[in-house]
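Text of data-v2.cif (mmCIF, C-alpha atoms) as supplied:
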```cif
data_data
loop_
_atom_site.label_atom_id
_atom_site.label_comp_id
_atom_site.auth_asym_id
_atom_site.auth_seq_id
_atom_site.Cartn_x
_atom_site.Cartn_y
_atom_site.Cartn_z
CA MET A 1 -98.97 65.81 75.10
CA LYS A 2 -97.35 63.18 72.94
CA ILE A 3 -96.40 59.85 74.51
CA SER A 4 -93.82 57.92 72.55
CA LEU A 5 -93.98 54.12 72.71
CA HIS A 6 -90.65 53.87 70.96
CA ILE A 7 -88.18 51.87 73.06
CA ARG A 8 -84.55 51.93 72.04
CA GLY A 9 -83.09 48.49 71.42
CA THR A 10 -79.95 49.32 73.37
CA THR A 11 -81.95 50.15 76.53
CA PHE A 12 -84.11 47.04 76.13
CA LEU A 13 -81.03 44.82 75.74
CA ARG A 14 -79.25 46.40 78.74
CA ILE A 15 -82.22 46.01 81.08
CA GLY A 16 -82.99 42.49 79.83
CA ILE A 17 -79.44 41.22 80.37
CA SER A 18 -79.17 42.93 83.78
CA ILE A 19 -82.36 41.16 84.95
CA VAL A 20 -80.81 37.80 83.96
CA ILE A 21 -77.55 38.64 85.79
CA LEU A 22 -79.42 39.85 88.91
CA TRP A 23 -81.58 36.71 88.99
CA PHE A 24 -78.46 34.51 89.02
CA GLY A 25 -76.88 36.73 91.69
CA VAL A 26 -79.91 36.42 93.99
CA GLN A 27 -80.15 32.65 93.46
CA GLN A 28 -76.52 32.20 94.53
CA PHE A 29 -77.37 33.78 97.88
CA LEU A 30 -80.64 31.92 98.37
CA ASP A 31 -79.17 28.47 97.73
CA PRO A 32 -75.37 28.51 97.32
CA THR A 33 -75.06 24.71 97.62
CA MET A 34 -76.87 24.37 94.29
CA TRP A 35 -74.09 26.38 92.59
CA VAL A 36 -71.03 24.83 94.22
CA GLY A 37 -70.94 22.11 91.55
CA PHE A 38 -70.24 24.72 88.88
CA ILE A 39 -66.94 25.81 90.47
CA PRO A 40 -63.97 24.08 88.80
CA ASP A 41 -62.12 21.65 91.09
CA PHE A 42 -58.77 23.44 90.76
CA ILE A 43 -60.30 26.69 92.03
CA ILE A 44 -61.73 24.88 95.08
CA LYS A 45 -58.28 23.36 95.74
CA LEU A 46 -56.47 26.69 95.33
CA SER A 47 -59.02 28.78 97.23
CA PRO A 48 -58.35 29.62 100.89
CA VAL A 49 -62.10 30.10 101.44
CA SER A 50 -64.95 27.58 101.34
CA PRO A 51 -66.82 26.81 98.09
CA THR A 52 -69.95 28.41 99.56
CA THR A 53 -68.02 31.64 100.12
CA LEU A 54 -66.82 31.51 96.51
CA VAL A 55 -70.45 31.25 95.38
CA HIS A 56 -71.35 34.21 97.62
CA LEU A 57 -68.44 36.18 96.17
CA ASN A 58 -69.56 35.38 92.63
CA GLY A 59 -73.16 36.25 93.51
CA ALA A 60 -72.07 39.57 95.04
CA LEU A 61 -70.08 40.42 91.91
CA GLU A 62 -73.11 39.68 89.74
CA LEU A 63 -75.42 41.69 92.03
CA VAL A 64 -73.17 44.76 92.05
CA PHE A 65 -72.35 44.86 88.35
CA GLY A 66 -75.89 43.70 87.42
CA SER A 67 -77.30 46.63 89.41
CA ALA A 68 -74.85 49.03 87.76
CA LEU A 69 -75.92 47.70 84.36
CA LEU A 70 -79.61 47.98 85.24
CA LEU A 71 -79.17 51.61 86.30
CA GLY A 72 -76.83 52.37 83.40
CA PHE A 73 -74.10 53.45 85.80
CA PHE A 74 -70.63 53.05 84.28
CA THR A 75 -72.39 51.00 81.61
CA ARG A 76 -69.35 50.25 79.46
CA ILE A 77 -66.99 49.01 82.16
CA SER A 78 -69.78 47.05 83.90
CA ALA A 79 -70.83 45.38 80.63
CA LEU A 80 -67.20 44.53 79.78
CA ILE A 81 -66.55 42.94 83.19
CA LEU A 82 -69.81 40.94 82.99
CA ALA A 83 -69.06 39.86 79.40
CA LEU A 84 -65.61 38.60 80.45
CA HIS A 85 -67.21 36.87 83.46
CA LEU A 86 -69.77 35.19 81.20
CA LEU A 87 -67.03 34.23 78.71
CA ASP A 88 -65.13 32.54 81.54
CA ILE A 89 -68.32 30.64 82.51
CA THR A 90 -68.87 29.64 78.87
CA LEU A 91 -65.33 28.32 78.50
CA THR A 92 -65.58 26.48 81.84
CA ILE A 93 -68.84 24.79 80.86
CA GLY A 94 -67.66 24.02 77.32
CA LEU A 95 -69.49 24.43 74.06
CA ASP A 96 -72.40 22.08 74.70
CA SER A 97 -76.05 23.18 74.64
CA ILE A 98 -75.72 25.10 77.92
CA GLY A 99 -72.38 26.58 76.88
CA MET A 100 -73.81 27.81 73.58
CA ARG A 101 -76.65 29.53 75.47
CA ASP A 102 -74.07 31.19 77.71
CA LEU A 103 -72.09 32.22 74.61
CA GLY A 104 -75.24 34.00 73.41
CA LEU A 105 -75.48 35.85 76.73
CA THR A 106 -71.77 36.70 76.51
CA LEU A 107 -72.15 38.17 73.03
CA ALA A 108 -75.29 40.10 74.03
CA THR A 109 -73.44 41.58 77.03
CA PHE A 110 -70.48 42.42 74.82
CA ALA A 111 -72.93 44.23 72.51
CA ILE A 112 -73.92 46.43 75.49
CA PHE A 113 -70.22 47.22 75.98
CA LEU A 114 -69.96 48.18 72.31
CA ASN A 115 -73.12 50.34 72.50
CA GLY A 116 -71.99 52.16 75.63
CA ALA A 117 -74.35 54.28 77.69
CA ASP A 118 -77.82 54.80 76.29
CA TYR A 119 -80.35 57.53 76.93
CA ILE A 120 -82.25 56.03 79.86
CA SER A 121 -79.27 55.65 82.17
CA LEU A 122 -77.48 57.30 85.07
CA ASP A 123 -74.45 57.82 82.82
CA ARG A 124 -76.61 60.22 80.83
CA ILE A 125 -77.31 62.27 83.95
CA PHE A 126 -73.74 62.23 85.22
CA PHE A 127 -71.61 62.26 82.10
CA PHE A 128 -73.52 63.75 79.16
CA LYS A 129 -72.55 67.31 78.36
CA PRO A 130 -75.48 69.78 78.16
CA GLU A 131 -74.83 70.47 74.45
CA GLU A 132 -75.16 66.76 73.69
CA GLU A 133 -78.64 66.74 75.28
CA THR A 134 -79.93 69.01 72.54
CA ARG A 135 -78.87 66.54 69.85
CA ILE A 136 -80.93 63.61 71.19
CA MET B 1 -75.04 57.81 68.54
CA ASN B 2 -74.05 60.39 71.10
CA GLU B 3 -72.18 58.84 74.00
CA PRO B 4 -70.68 60.20 77.15
CA GLN B 5 -67.00 60.55 76.40
CA ASN B 6 -65.78 62.05 79.65
CA ASN B 7 -65.77 58.89 81.78
CA SER B 8 -62.31 59.68 83.05
CA ILE B 9 -59.90 57.00 84.13
CA ALA B 10 -60.01 58.38 87.67
CA SER B 11 -63.80 58.03 87.99
CA THR B 12 -63.62 54.52 86.52
CA ILE B 13 -60.99 53.53 89.08
CA ILE B 14 -63.12 54.99 91.91
CA PHE B 15 -66.13 53.05 90.56
CA LEU B 16 -64.16 49.79 90.47
CA CYS B 17 -62.82 50.34 94.01
CA ALA B 18 -66.35 51.07 95.25
CA THR B 19 -67.67 47.92 93.56
CA ALA B 20 -64.85 45.86 95.10
CA ILE B 21 -65.82 47.13 98.58
CA LEU B 22 -69.51 46.45 97.83
CA VAL B 23 -68.76 42.92 96.59
CA PHE B 24 -66.76 42.26 99.75
CA ALA B 25 -69.53 43.68 101.97
CA ILE B 26 -72.30 41.73 100.23
CA THR B 27 -70.25 38.52 100.46
CA LEU B 28 -69.82 39.07 104.21
CA LEU B 29 -73.55 39.74 104.56
CA GLY B 30 -74.29 36.54 102.66
CA GLU B 31 -71.91 34.56 104.85
CA ASN B 32 -73.39 35.85 108.10
CA PHE B 33 -77.02 36.70 107.58
CA VAL B 34 -78.53 34.89 104.61
CA THR B 35 -80.02 31.59 105.71
CA THR B 36 -78.79 28.86 103.45
CA PRO B 37 -79.39 25.11 103.41
CA SER B 38 -75.69 24.54 104.19
CA ASN B 39 -75.93 26.84 107.23
CA ASN B 40 -78.96 24.90 108.40
CA ILE B 41 -77.05 21.65 108.03
CA ASN B 42 -74.17 23.09 110.07
CA LYS B 43 -76.59 24.28 112.74
CA GLN B 44 -78.25 20.86 112.88
CA GLN B 45 -74.88 19.17 113.20
CA THR B 46 -73.80 21.41 116.07
CA GLN B 47 -77.13 20.86 117.78
CA THR B 48 -76.79 17.07 117.63
CA GLU B 49 -73.19 17.31 118.88
#
```

Here is the file; what I need is its structure written in the form of structure tokens.
Amino acid sequence: MKISLHIRGTTFLRIGISIVILWFGVQQFLDPTMWVGFIPDFIIKLSPVSPTTLVHLNGALELVFGSALLLGFFTRISALILALHLLDITLTIGLDSIGMRDLGLTLATFAIFLNGADYISLDRIFFFKPEEETRI
Amino acid sequence: MNEPQNNSIASTIIFLCATAILVFAITLLGENFVTTPSNNINKQQTQTE
């Protein structure tokens, strides 16, 4: 039996980015007060809910789409939504050292959107046609 | 690279609706069940009152 150690870059990138997203999502539930400072003032003024709830909402969004990305479930749409979310964060923070790091994450997530579903994903199980399996 | 092409618009819409419900549910769970420092502060305040 042959065991291949070859890991596709697309899978590695998808799982790596999803771990980062999930970590941030979990942190926003564990200590939301730490993240309230990142919400722009105008959103707090416009929002009918408390800043803590906004952090929970943001954390839930990251947990759901981060999980979808980790599992490779609706990979393209999940990656696009997360890339737009990260772009919004980047623009809010501004292009300082932290913003440039976030820009890197945004571009990496956008690369997942461009790649689409890879071979170790639920999309493969649900959406690949049987004839495409033979061409892997 | 071979990619799944038959992600129909309908299944994408169902996925997005399901994620919206999940996001809402997780937010509610976070609001009510996850112990946070702010919740502790609120509890302490009500106790002192």

Can you translate the PyMOL selection byres ((chain A and resi 26) around 12) into the concrete residues it hits in this file, as number ranges by chain? A: 19-25, 27-32, 35, 55-64, 66-67; B: 26-27, 30, 34

Of the listed residues B:Ala10, B:Cys17, B:Val23, B:Leu28, that which approaches chain A most closely, counting all atoms listed in the file: B:Val23

Could you give me, as a list in words, the residues within 9 Å of Arg8 of chain A, counting all atoms listed in the file and dropping anything in the same chain fewer than 3 positions from it?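 Once the nearby chain positions are removed, what remains is Thr11, Phe12, Leu13, Asp118 and Tyr119 of chain A.
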
Distance criterion (only C-alpha atoms): nearest to chain B out of A:His85, A:Arg76, A:Arg101, A:Arg14: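 Selected residue with least distance to chain B: A:Arg76.
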
Compare A:Leu87, A:Leu105, A:Leu70, A:Ile77 by their minimum atom-to-atom distance to Leu16 of chain B, counting all atoms listed in the file, and give me the closest one. A:Ile77

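As for atom CA of Pro51 of chain A and atom CA of Ile39 of chain A, they are spaced 7.7 Å apart.
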
Atomic distance atom CA of Thr52 of chain A - atom CA of Asp102 of chain A, expressed in Å with one decimal: 22.4 Å

Quick one: apply the PyMOL selection byres ((chain A and resi 106-115) around 6) to the file and drop the selected residues here as an MDAnalysis selection string. chainID A and resid 76 79:80 83 86:87 103:105 116

Give me, please, the distance in Å between atom CA of Asp88 of chain A and atom CA of Thr75 of chain A, quoted to one decimal.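 For atom CA of Asp88 of chain A relative to atom CA of Thr75 of chain A, the distance reads 19.8 Å.
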
Assuming the chain letters and numbering stay as they are in my file, what does the PyMOL selection byres ((chain A and resi 74) around 9) actually select? List them as a VMD selection string. (chain A and resid 68 to 69 71 to 73 75 to 79 116 to 117 122 to 123) or (chain B and resid 7 12 15)

Export C-alpha atoms of the chosen residues as a PDB file, in the coordinates of the input?
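Generated file (again.pdb):
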```pdb
ATOM      1  CA  ALA A  68     -74.850  49.030  87.760  1.00  0.00           C
ATOM      2  CA  LEU A  69     -75.920  47.700  84.360  1.00  0.00           C
ATOM      3  CA  LEU A  71     -79.170  51.610  86.300  1.00  0.00           C
ATOM      4  CA  GLY A  72     -76.830  52.370  83.400  1.00  0.00           C
ATOM      5  CA  PHE A  73     -74.100  53.450  85.800  1.00  0.00           C
ATOM      6  CA  THR A  75     -72.390  51.000  81.610  1.00  0.00           C
ATOM      7  CA  ARG A  76     -69.350  50.250  79.460  1.00  0.00           C
ATOM      8  CA  ILE A  77     -66.990  49.010  82.160  1.00  0.00           C
ATOM      9  CA  SER A  78     -69.780  47.050  83.900  1.00  0.00           C
ATOM     10  CA  ALA A  79     -70.830  45.380  80.630  1.00  0.00           C
ATOM     11  CA  GLY A 116     -71.990  52.160  75.630  1.00  0.00           C
ATOM     12  CA  ALA A 117     -74.350  54.280  77.690  1.00  0.00           C
ATOM     13  CA  LEU A 122     -77.480  57.300  85.070  1.00  0.00           C
ATOM     14  CA  ASP A 123     -74.450  57.820  82.820  1.00  0.00           C
TER      15      ASP A 123
ATOM     16  CA  ASN B   7     -65.770  58.890  81.780  1.00  0.00           C
ATOM     17  CA  THR B  12     -63.620  54.520  86.520  1.00  0.00           C
ATOM     18  CA  PHE B  15     -66.130  53.050  90.560  1.00  0.00           C
TER      19      PHE B  15
END
```

Could you write segment 16-134 of chain A of the block just shown to a file containing C-alpha atoms, as a compact mmCIF listing (two decimals), in the first residue's frame?
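Result file is part.txt:
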```txt
# COMPACT_ATOMS: atom_id res chain seq x y z
CA GLY A 16 -4.88 27.15 7.80
CA ILE A 17 -7.08 30.19 7.20
CA SER A 18 -10.15 28.49 8.71
CA ILE A 19 -8.20 27.77 11.93
CA VAL A 20 -7.31 31.48 12.18
CA ILE A 21 -10.95 32.51 11.59
CA LEU A 22 -12.26 29.95 14.13
CA TRP A 23 -9.75 31.09 16.76
CA PHE A 24 -10.97 34.69 16.44
CA GLY A 25 -14.60 33.50 16.55
CA VAL A 26 -14.04 31.54 19.79
CA GLN A 27 -12.14 34.42 21.41
CA GLN A 28 -15.03 36.80 20.74
CA PHE A 29 -17.30 34.53 22.79
CA LEU A 30 -14.80 33.93 25.59
CA ASP A 31 -14.06 37.62 26.18
CA PRO A 32 -16.27 39.95 24.11
CA THR A 33 -15.27 43.06 26.09
CA MET A 34 -11.75 42.74 24.66
CA TRP A 35 -13.17 43.12 21.13
CA VAL A 36 -15.67 45.93 21.69
CA GLY A 37 -12.95 48.52 21.06
CA PHE A 38 -12.59 47.32 17.47
CA ILE A 39 -16.20 48.22 16.57
CA PRO A 40 -16.37 51.62 14.85
CA ASP A 41 -18.20 54.29 16.88
CA PHE A 42 -20.82 54.97 14.20
CA ILE A 43 -21.87 51.30 14.20
CA ILE A 44 -22.30 51.38 18.00
CA LYS A 45 -24.41 54.55 17.66
CA LEU A 46 -26.55 53.11 14.85
CA SER A 47 -26.93 49.64 16.36
CA PRO A 48 -30.11 48.82 18.31
CA VAL A 49 -28.21 46.08 20.20
CA SER A 50 -25.37 46.35 22.71
CA PRO A 51 -21.70 46.33 21.58
CA THR A 52 -21.24 42.95 23.29
CA THR A 53 -24.06 41.51 21.19
CA LEU A 54 -22.40 42.90 18.06
CA VAL A 55 -19.19 41.09 19.05
CA HIS A 56 -21.19 37.88 19.60
CA LEU A 57 -22.85 38.32 16.21
CA ASN A 58 -19.48 38.83 14.54
CA GLY A 59 -18.04 35.83 16.41
CA ALA A 60 -20.99 33.65 15.36
CA LEU A 61 -20.53 34.68 11.72
CA GLU A 62 -16.84 33.77 11.90
CA LEU A 63 -17.60 30.45 13.64
CA VAL A 64 -20.22 29.41 11.07
CA PHE A 65 -18.33 30.40 7.94
CA GLY A 66 -14.98 29.31 9.48
CA SER A 67 -16.47 25.86 10.11
CA ALA A 68 -17.86 25.72 6.56
CA LEU A 69 -14.42 26.64 5.24
CA LEU A 70 -12.70 24.05 7.45
CA LEU A 71 -15.04 21.32 6.19
CA GLY A 72 -14.91 22.59 2.61
CA PHE A 73 -18.68 23.03 2.56
CA PHE A 74 -19.77 25.67 0.05
CA THR A 75 -16.10 26.62 -0.06
CA ARG A 76 -16.37 29.38 -2.66
CA ILE A 77 -19.24 31.36 -1.14
CA SER A 78 -17.85 30.93 2.40
CA ALA A 79 -14.38 32.12 1.33
CA LEU A 80 -15.86 35.10 -0.54
CA ILE A 81 -17.95 36.21 2.46
CA LEU A 82 -14.96 35.82 4.81
CA ALA A 83 -12.67 37.68 2.38
CA LEU A 84 -15.15 40.59 2.20
CA HIS A 85 -15.46 40.51 6.00
CA LEU A 86 -11.67 40.63 6.38
CA LEU A 87 -11.44 43.42 3.78
CA ASP A 88 -13.93 45.44 5.82
CA ILE A 89 -11.80 44.86 8.95
CA THR A 90 -8.65 45.87 7.05
CA LEU A 91 -10.23 49.10 5.81
CA THR A 92 -11.60 49.87 9.29
CA ILE A 93 -8.20 49.37 10.93
CA GLY A 94 -6.33 51.23 8.18
CA LEU A 95 -3.13 50.31 6.43
CA ASP A 96 -0.79 50.29 9.42
CA SER A 97 1.21 47.23 10.52
CA ILE A 98 -1.90 45.42 11.79
CA GLY A 99 -3.93 46.44 8.75
CA MET A 100 -1.26 45.14 6.37
CA ARG A 101 -1.31 41.78 8.21
CA ASP A 102 -5.08 41.69 7.81
CA LEU A 103 -4.69 42.57 4.13
CA GLY A 104 -2.51 39.45 3.80
CA LEU A 105 -5.24 37.35 5.41
CA THR A 106 -7.82 38.97 3.11
CA LEU A 107 -5.81 38.13 0.00
CA ALA A 108 -5.15 34.57 1.21
CA THR A 109 -8.89 34.06 1.82
CA PHE A 110 -9.65 35.54 -1.59
CA ALA A 111 -7.19 33.00 -3.06
CA ILE A 112 -9.35 30.22 -1.53
CA PHE A 113 -12.37 31.77 -3.27
CA LEU A 114 -10.45 31.74 -6.56
CA ASN A 115 -9.33 28.12 -6.05
CA GLY A 116 -12.82 26.89 -5.20
CA ALA A 117 -13.44 23.49 -3.67
CA ASP A 118 -10.44 21.20 -3.35
CA TYR A 119 -10.24 17.44 -3.09
CA ILE A 120 -10.40 17.00 0.68
CA SER A 121 -13.72 18.74 1.18
CA LEU A 122 -17.43 18.09 1.65
CA ASP A 123 -18.09 19.87 -1.65
CA ARG A 124 -16.25 17.00 -3.32
CA ILE A 125 -18.63 14.48 -1.75
CA PHE A 126 -21.78 16.48 -2.44
CA PHE A 127 -21.10 18.22 -5.72
CA PHE A 128 -18.46 16.36 -7.73
CA LYS A 129 -19.88 14.30 -10.56
CA PRO A 130 -18.76 10.62 -10.59
CA GLU A 131 -16.97 11.05 -13.95
CA GLU A 132 -14.88 13.87 -12.49
CA GLU A 133 -13.67 11.53 -9.71
CA THR A 134 -11.85 9.41 -12.26
```
